[in-house]
Structures are given as C-alpha cells and as structure tokens.
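Report on one structure; see the data block that follows.
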Amino acid sequence: MDPSTRITNLLYTYGGLVDAGDFAGIGRLLAHARVSDASGRLEIRGADAVRQLYERTTRIYPETGTPRTKHVITNPILEVDEAAGSARCTSQYVVYQQTDTLPLQPIVSGHYEHEFAPVDDDWRITSHRFFVDQVGDVSQHLLIEIQP
C-alpha cells in the first residue's frame with residue numbers, strides 16, 4: 001500500500017475507534033505518538049496513557065458500549081517525504097452525536113495536525129495534536145469541559 005493511502009487510513013481508523021469506544025485500540029494506534037492539545041497543557045505518550053485519557057474523558061453508553069458518536073474526518077492535506085521517512089498531515093473533523101435525549105447534531109468541530117514515520121516496516125502516527133474550533137452540546141459525550 002502506498003504511504004499516502006496508509007497514512008490517510010490511519011486518520012480514518014482513529015475516528016472509527018473513538019466511535020466504537022475502543023480506547024485500548026486508540027492506545028495501540030497512538031502508542032508511538034506524542035498526543036497533545038492546542039493549549040500545550042496536555043501532552044501524553046504511550047498506549048496505556050492514551051487509553052486512560054479516553055477512559056477519563058469520554059462517556060460510554062452501557063447499552064451500546066460506545067459514545068454514540070460519529071467522527072467525520074475530512075480534507076486531509078498530506079505531505080510525504082519517503083526519503084526522509086516522515087510525513088505531515090492536517091485534517092478537519094466534525095463529531096456528530098445522537099442519544100435518547102439528544103437529537104442527531106454536530107457537537108464539536110476542529111482540526112488535527114499529525115506527523116508520521118515508518119516504524120517496524122509500517123507507517124505510524126508519531127504526533128497527534130488536536131484543536132477544538134467550535135463547541136456545541138458536548139455534555140452527553142465528554143466527561144470534561146472543553147473550550148474552542
């Protein structure tokens with residue numbers, strides 16, 4: 001698989017894992033990454049730390065085992081330097097949610113900045129930085145407060 005396809009598949013895999021409530025899977029996906037937010041106050045590394053972050057901050061609904069969300073990741077702008085073994089990508093996201101008391105609606109949007117490198121003969125995310133641009137009703141999704 002060419003690097004561009006593999007790298008964009010990693011982006012989409014991330015959204016699918018969040019929507020599935022697979023926090024251990026997110027930890028594995030981001031095991032080689034520095035995970036940080038726009039403020040610089042959050043910076044974690046390692047599969048267990050990533051898993052714990054999502055467990056602490058994301059509401060899971062027992063009847064589905066998921067956060068009842070749909071992450072839509074779009075507009076990846078990808079720069080791959082195969083000779084240097086590096087890649088960078090910016091992308092946009094919108095998270096939709098529907099619960100028993102919340103009609104289907106966008107609840108948060110923003111953008112990601114990712115860096116990638118080959119690890120063990122495959123491309124991996126080495127930096128996952130997220131930015132919150134707009135916030136709607138995240139009260140049924142997150143266990144923390146967020147600000148744009």
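Identifiers in this document derive from the order of the structure tokens: chains are assigned A, B, ..., residues are numbered from 1 separately in each chain, and ligands are numbered from 1 in order of occurrence.
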
If you count only C-alpha atoms, which residues fall within 9 Å of Tyr96 in chain A, apart from same-chain ones fewer than 6 positions away, as a ChimeraX atom specification? /A:68-72,104-108

Could I get the residues of range 97-129 of chain A with an atom no further than 6 Å from an atom of range 21-45 of chain A, each paired with its nearest atom pair and that distance in Å to one decimal, using only C-alpha atoms, sorted by chain and residue number, as JSON lines?
{"residue": "A:Ile125", "atom": "CA", "partner": "A:Ala33", "partner_atom": "CA", "distance": 5.6}
{"residue": "A:Thr126", "atom": "CA", "partner": "A:Ala33", "partner_atom": "CA", "distance": 3.8}
{"residue": "A:Ser127", "atom": "CA", "partner": "A:Ala33", "partner_atom": "CA", "distance": 4.6}
{"residue": "A:His128", "atom": "CA", "partner": "A:Val35", "partner_atom": "CA", "distance": 4.8}
{"residue": "A:Arg129", "atom": "CA", "partner": "A:Ser36", "partner_atom": "CA", "distance": 4.8}

Within 10 Å of range 120-122 of chain A using only C-alpha atoms, minus same-chain residues under 4 positions, as a list in words: Met1, Pro3, Arg6 and Ile7 of chain A

Rounded to one decimal, what separation in Å do you get between CA of Ile146 in chain A and CA of Thr64 in chain A? 24.4 Å

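In terms of minimum interatomic distance to Thr57 in chain A, A:Ile144 ranks closest within A:Gln97, A:Gln92, A:Ile144, A:Gly85, counting only C-alpha atoms.
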
From range 4-77 of chain A, collect each residue whose DSSP state is strand (DSSP E or B) and return the set as a PyMOL selection string. chain A and resi 34-37+43-45+58+61+66+69-77

Excluding Gln140 in chain A and its own-chain neighbours fewer than 5 positions away, which residues fall within 8 Å of it when counting only C-alpha atoms? Please give them as an MDAnalysis selection string. chainID A and resid 59 99 102

Include C-alpha atoms and write out the residues we just selected as a PDB file, in the first residue's frame.
ATOM      1  CA  ARG A  59     -18.810   8.990  28.183  1.00  0.00           C
ATOM      2  CA  THR A  99     -28.609   9.843  22.289  1.00  0.00           C
ATOM      3  CA  LEU A 102     -30.101  14.476  22.217  1.00  0.00           C
TER       4      LEU A 102
END

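Distances from A:Leu143, A:Ile73, A:Val132, A:Cys89 to Gly110 in chain A were compared using only C-alpha atoms, and the smallest one belongs to A:Val132.
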
Which one is closest to Tyr61 in chain A: A:Val119, A:Tyr112, A:Asp100, A:Glu145? Count only C-alpha atoms. A:Asp100

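One finds CA of Asp48 in chain A at 18.8 Å from CA of Asp19 in chain A.
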
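Within 9 Å of Val80 in chain A, once only C-alpha atoms are used and residues closer than 2 positions along the same chain are dropped, the contacting residues are Pro3, Ser4, Leu78, Glu82, Ala83, Ala84, Gly85, Ser86, Ala87, Arg88, Cys89 and Phe116 of chain A.
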
Pull N, CA, C and O atoms from the residues just selected and write them as a short mmCIF file (atom, residue, chain, number, x, y, z; two decimals), in the first residue's frame.
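Result went into selection.cif, see below:
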data_model
loop_
_atom_site.label_atom_id
_atom_site.label_comp_id
_atom_site.auth_asym_id
_atom_site.auth_seq_id
_atom_site.Cartn_x
_atom_site.Cartn_y
_atom_site.Cartn_z
N PRO A 3 2.28 4.99 0.74
CA PRO A 3 2.26 5.73 2.01
C PRO A 3 1.07 6.67 2.17
O PRO A 3 0.51 6.77 3.26
N SER A 4 0.65 7.34 1.12
CA SER A 4 -0.46 8.28 1.23
C SER A 4 -1.75 7.57 1.66
O SER A 4 -2.48 8.05 2.52
N LEU A 78 -1.81 16.27 2.92
CA LEU A 78 -0.75 15.34 3.27
C LEU A 78 0.54 15.66 2.52
O LEU A 78 0.51 15.87 1.31
N GLU A 82 9.22 10.36 1.61
CA GLU A 82 9.63 8.97 1.81
C GLU A 82 11.14 8.87 2.05
O GLU A 82 11.58 8.05 2.86
N ALA A 83 11.92 9.69 1.37
CA ALA A 83 13.37 9.63 1.53
C ALA A 83 13.78 9.95 2.96
O ALA A 83 14.69 9.33 3.51
N ALA A 84 13.09 10.90 3.58
CA ALA A 84 13.39 11.28 4.96
C ALA A 84 12.66 10.40 5.96
O ALA A 84 12.94 10.45 7.16
N GLY A 85 11.70 9.61 5.48
CA GLY A 85 10.92 8.76 6.38
C GLY A 85 10.01 9.58 7.29
O GLY A 85 9.90 9.31 8.48
N SER A 86 9.35 10.57 6.69
CA SER A 86 8.45 11.40 7.50
C SER A 86 7.26 11.86 6.67
O SER A 86 7.32 11.88 5.44
N ALA A 87 6.21 12.22 7.36
CA ALA A 87 5.02 12.77 6.72
C ALA A 87 4.30 13.65 7.71
O ALA A 87 4.41 13.46 8.93
N ARG A 88 3.56 14.62 7.16
CA ARG A 88 2.75 15.53 7.97
C ARG A 88 1.38 15.63 7.31
O ARG A 88 1.28 15.56 6.09
N CYS A 89 0.37 15.82 8.14
CA CYS A 89 -0.98 15.95 7.60
C CYS A 89 -1.81 16.86 8.49
O CYS A 89 -1.73 16.75 9.72
N PHE A 116 3.91 11.53 10.98
CA PHE A 116 4.01 10.09 10.78
C PHE A 116 5.45 9.72 10.46
O PHE A 116 6.21 10.53 9.93
#

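Going from CA of Asp133 in chain A over to CA of Tyr54 in chain A, you cover 19.6 Å.
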